[in-house]
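Novice: My questions all concern the structure below.
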Amino acid sequence: LEENYKNYLYVSDFSPQKNHVRLLKAWENFSLLNSNKKVTLHLTLPDTSPKHILKMIANLQNLGHNIINHKRCSIDEIRNLYKTCNYLIFP
(Lines give C-alpha, C1' and ligand atoms only; values in the text may rest on other atoms or scores of the structure.)
Protein backbone atom coordinates (compact mmCIF):
# COMPACT_ATOMS: atom_id res chain seq x y z
CA LEU A 1 0.00 0.00 0.00
CA GLU A 2 1.27 3.45 -0.83
CA GLU A 3 2.31 5.46 2.21
CA ASN A 4 0.97 8.81 1.00
CA TYR A 5 -2.54 7.40 0.81
CA LYS A 6 -4.97 7.61 3.70
CA ASN A 7 -6.17 4.02 3.96
CA TYR A 8 -9.43 3.15 5.69
CA LEU A 9 -10.13 -0.47 6.62
CA TYR A 10 -13.42 -2.23 7.32
CA VAL A 11 -12.87 -5.91 8.15
CA SER A 12 -16.17 -7.75 7.94
CA ASP A 13 -17.98 -10.54 6.19
CA PHE A 14 -21.35 -9.51 4.89
CA SER A 15 -24.35 -9.48 7.19
CA PRO A 16 -27.18 -6.92 7.09
CA GLN A 17 -26.37 -5.38 10.47
CA LYS A 18 -22.87 -4.44 9.21
CA ASN A 19 -24.44 -1.63 7.13
CA HIS A 20 -22.30 -2.00 4.00
CA VAL A 21 -24.82 -0.07 1.89
CA ARG A 22 -24.65 2.85 4.32
CA LEU A 23 -20.85 2.64 4.43
CA LEU A 24 -20.56 2.66 0.63
CA LYS A 25 -22.91 5.64 0.29
CA ALA A 26 -20.94 7.49 2.96
CA TRP A 27 -17.67 6.56 1.23
CA GLU A 28 -18.94 7.97 -2.03
CA ASN A 29 -19.64 11.32 -0.34
CA PHE A 30 -16.41 11.25 1.66
CA SER A 31 -14.23 10.52 -1.35
CA LEU A 32 -15.93 13.29 -3.35
CA LEU A 33 -15.24 15.74 -0.53
CA ASN A 34 -11.62 14.53 -0.42
CA SER A 35 -11.05 14.31 -4.17
CA ASN A 36 -7.82 16.29 -3.82
CA LYS A 37 -6.43 13.65 -1.41
CA LYS A 38 -5.59 10.02 -1.92
CA VAL A 39 -8.13 8.09 0.18
CA THR A 40 -8.82 4.39 -0.19
CA LEU A 41 -11.40 2.12 1.41
CA HIS A 42 -10.25 -1.47 2.00
CA LEU A 43 -12.92 -4.15 2.43
CA THR A 44 -12.85 -7.90 3.10
CA LEU A 45 -16.15 -9.01 1.55
CA PRO A 46 -16.17 -12.55 0.15
CA ASP A 47 -17.47 -13.41 -3.32
CA THR A 48 -20.51 -14.96 -1.62
CA SER A 49 -21.72 -11.50 -0.53
CA PRO A 50 -25.04 -10.36 -2.00
CA LYS A 51 -24.75 -9.40 -5.66
CA HIS A 52 -26.19 -5.91 -5.06
CA ILE A 53 -23.34 -5.11 -2.64
CA LEU A 54 -20.65 -6.38 -5.00
CA LYS A 55 -22.29 -4.46 -7.86
CA MET A 56 -22.40 -1.29 -5.76
CA ILE A 57 -18.66 -1.62 -5.08
CA ALA A 58 -17.94 -2.18 -8.80
CA ASN A 59 -20.07 0.83 -9.77
CA LEU A 60 -18.25 3.09 -7.31
CA GLN A 61 -14.89 1.80 -8.55
CA ASN A 62 -15.95 2.51 -12.13
CA LEU A 63 -16.81 6.08 -11.08
CA GLY A 64 -13.26 6.51 -9.80
CA HIS A 65 -13.75 5.94 -6.09
CA ASN A 66 -10.80 4.13 -4.51
CA ILE A 67 -12.22 0.94 -3.07
CA ILE A 68 -10.27 -2.30 -2.81
CA ASN A 69 -12.11 -5.46 -1.86
CA HIS A 70 -9.53 -7.98 -0.67
CA LYS A 71 -12.27 -10.61 -0.47
CA ARG A 72 -11.93 -13.32 2.17
CA CYS A 73 -8.57 -12.92 3.87
CA SER A 74 -6.40 -15.16 5.98
CA ILE A 75 -5.49 -14.05 9.49
CA ASP A 76 -2.03 -13.03 8.24
CA GLU A 77 -3.54 -10.94 5.43
CA ILE A 78 -5.85 -9.20 7.90
CA ARG A 79 -2.93 -8.52 10.26
CA ASN A 80 -1.05 -6.95 7.36
CA LEU A 81 -4.05 -4.76 6.50
CA TYR A 82 -4.26 -3.62 10.14
CA LYS A 83 -0.57 -2.70 10.05
CA THR A 84 -0.70 -0.81 6.76
CA CYS A 85 -4.00 1.08 7.00
CA ASN A 86 -4.23 4.42 8.77
CA TYR A 87 -7.82 4.17 10.00
CA LEU A 88 -10.13 1.37 11.12
CA ILE A 89 -13.88 1.58 10.59
CA PHE A 90 -16.20 -0.07 13.10
CA PRO A 91 -19.83 -0.93 12.27
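Chain labels A, B, ... are given in the sequence in which chains occur in the C-alpha coordinates; within each chain residues are numbered consecutively from 1, and ligands are likewise numbered from 1 in the order shown.
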Which residues come within 10 Å of Asn66 of chain A, counting only C-alpha atoms, excluding same-chain residues fewer than 5 positions away, as a PyMOL selection string?

Specialist: chain A and resi 7+27-28+31+38-42+57+60-61

Novice: Apply DSSP to the structure's backbone, then extract all residues of segment 17-91 of chain A labelled helix (DSSP H, G or I) and return them as a ChimeraX atom specification.

Specialist: /A:17-18,20-33,51-62,75-84

Novice: Could those selected residues go to a file with N, CA and C atoms, as a short mmCIF file (atom, residue, chain, number, x, y, z; two decimals), in the first residue's frame?

Specialist:
data_model
loop_
_atom_site.label_atom_id
_atom_site.label_comp_id
_atom_site.auth_asym_id
_atom_site.auth_seq_id
_atom_site.Cartn_x
_atom_site.Cartn_y
_atom_site.Cartn_z
N GLN A 17 -26.62 -6.33 9.39
CA GLN A 17 -26.37 -5.38 10.47
C GLN A 17 -25.01 -4.68 10.35
N LYS A 18 -24.18 -5.08 9.42
CA LYS A 18 -22.87 -4.44 9.21
C LYS A 18 -22.98 -3.17 8.37
N HIS A 20 -23.19 -2.26 5.13
CA HIS A 20 -22.30 -2.00 4.00
C HIS A 20 -22.89 -1.00 3.02
N VAL A 21 -24.20 -1.03 2.81
CA VAL A 21 -24.82 -0.07 1.89
C VAL A 21 -24.61 1.34 2.43
N ARG A 22 -24.85 1.54 3.70
CA ARG A 22 -24.65 2.85 4.32
C ARG A 22 -23.18 3.27 4.24
N LEU A 23 -22.28 2.34 4.51
CA LEU A 23 -20.85 2.64 4.43
C LEU A 23 -20.45 3.06 3.02
N LEU A 24 -20.93 2.34 2.01
CA LEU A 24 -20.56 2.66 0.63
C LEU A 24 -21.13 4.00 0.19
N LYS A 25 -22.34 4.32 0.61
CA LYS A 25 -22.91 5.64 0.29
C LYS A 25 -22.11 6.74 0.99
N ALA A 26 -21.75 6.51 2.23
CA ALA A 26 -20.94 7.49 2.96
C ALA A 26 -19.56 7.63 2.32
N TRP A 27 -18.98 6.50 1.88
CA TRP A 27 -17.67 6.56 1.23
C TRP A 27 -17.73 7.38 -0.06
N GLU A 28 -18.80 7.21 -0.80
CA GLU A 28 -18.94 7.97 -2.03
C GLU A 28 -18.89 9.48 -1.72
N ASN A 29 -19.64 9.90 -0.73
CA ASN A 29 -19.64 11.32 -0.34
C ASN A 29 -18.29 11.76 0.20
N PHE A 30 -17.70 10.93 1.06
CA PHE A 30 -16.41 11.25 1.66
C PHE A 30 -15.32 11.39 0.61
N SER A 31 -15.29 10.46 -0.34
CA SER A 31 -14.23 10.52 -1.35
C SER A 31 -14.44 11.69 -2.31
N LEU A 32 -15.68 12.09 -2.54
CA LEU A 32 -15.93 13.29 -3.35
C LEU A 32 -15.44 14.54 -2.63
N LEU A 33 -15.68 14.59 -1.32
CA LEU A 33 -15.24 15.74 -0.53
C LEU A 33 -13.71 15.79 -0.40
N LYS A 51 -25.14 -9.98 -4.36
CA LYS A 51 -24.75 -9.40 -5.66
C LYS A 51 -24.92 -7.88 -5.68
N HIS A 52 -25.98 -7.35 -5.02
CA HIS A 52 -26.19 -5.91 -5.06
C HIS A 52 -25.06 -5.15 -4.34
N ILE A 53 -24.47 -5.75 -3.33
CA ILE A 53 -23.34 -5.11 -2.64
C ILE A 53 -22.11 -5.12 -3.52
N LEU A 54 -21.82 -6.28 -4.13
CA LEU A 54 -20.65 -6.38 -5.00
C LEU A 54 -20.80 -5.47 -6.22
N LYS A 55 -22.03 -5.35 -6.72
CA LYS A 55 -22.29 -4.46 -7.86
C LYS A 55 -22.11 -3.00 -7.45
N MET A 56 -22.55 -2.66 -6.25
CA MET A 56 -22.40 -1.29 -5.76
C MET A 56 -20.91 -0.93 -5.66
N ILE A 57 -20.10 -1.86 -5.17
CA ILE A 57 -18.66 -1.62 -5.08
C ILE A 57 -18.09 -1.42 -6.49
N ALA A 58 -18.45 -2.29 -7.42
CA ALA A 58 -17.94 -2.18 -8.80
C ALA A 58 -18.36 -0.86 -9.44
N ASN A 59 -19.60 -0.44 -9.21
CA ASN A 59 -20.07 0.83 -9.77
C ASN A 59 -19.28 2.01 -9.21
N LEU A 60 -19.02 2.01 -7.91
CA LEU A 60 -18.25 3.09 -7.31
C LEU A 60 -16.81 3.09 -7.82
N GLN A 61 -16.24 1.90 -7.98
CA GLN A 61 -14.89 1.80 -8.55
C GLN A 61 -14.86 2.36 -9.96
N ASN A 62 -15.87 2.02 -10.75
CA ASN A 62 -15.95 2.51 -12.13
C ASN A 62 -16.10 4.03 -12.19
N ILE A 75 -5.83 -14.83 8.30
CA ILE A 75 -5.49 -14.05 9.49
C ILE A 75 -4.24 -13.22 9.22
N ASP A 76 -3.25 -13.78 8.55
CA ASP A 76 -2.03 -13.03 8.24
C ASP A 76 -2.31 -11.85 7.31
N GLU A 77 -3.18 -12.04 6.34
CA GLU A 77 -3.54 -10.94 5.43
C GLU A 77 -4.26 -9.83 6.19
N ILE A 78 -5.14 -10.20 7.10
CA ILE A 78 -5.85 -9.20 7.90
C ILE A 78 -4.87 -8.46 8.81
N ARG A 79 -3.95 -9.18 9.43
CA ARG A 79 -2.93 -8.52 10.26
C ARG A 79 -2.15 -7.50 9.44
N ASN A 80 -1.78 -7.87 8.22
CA ASN A 80 -1.05 -6.95 7.36
C ASN A 80 -1.88 -5.71 7.03
N LEU A 81 -3.17 -5.91 6.76
CA LEU A 81 -4.05 -4.76 6.50
C LEU A 81 -4.12 -3.84 7.72
N TYR A 82 -4.24 -4.43 8.91
CA TYR A 82 -4.26 -3.62 10.14
C TYR A 82 -2.98 -2.80 10.28
N LYS A 83 -1.86 -3.39 9.92
CA LYS A 83 -0.57 -2.70 10.05
C LYS A 83 -0.40 -1.58 9.03
N THR A 84 -0.98 -1.74 7.84
CA THR A 84 -0.70 -0.81 6.76
C THR A 84 -1.77 0.26 6.57
#

Novice: Running DSSP on the backbone, which parts of chain A land in strand (DSSP E), as a ChimeraX atom specification?

Specialist: /A:6-10,39-43,67-69,87-88

Novice: How many Å separate atom CA of Arg72 of chain A from atom CA of Pro46 of chain A?

Specialist: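 Between these atoms lies a distance of 4.8 Å.
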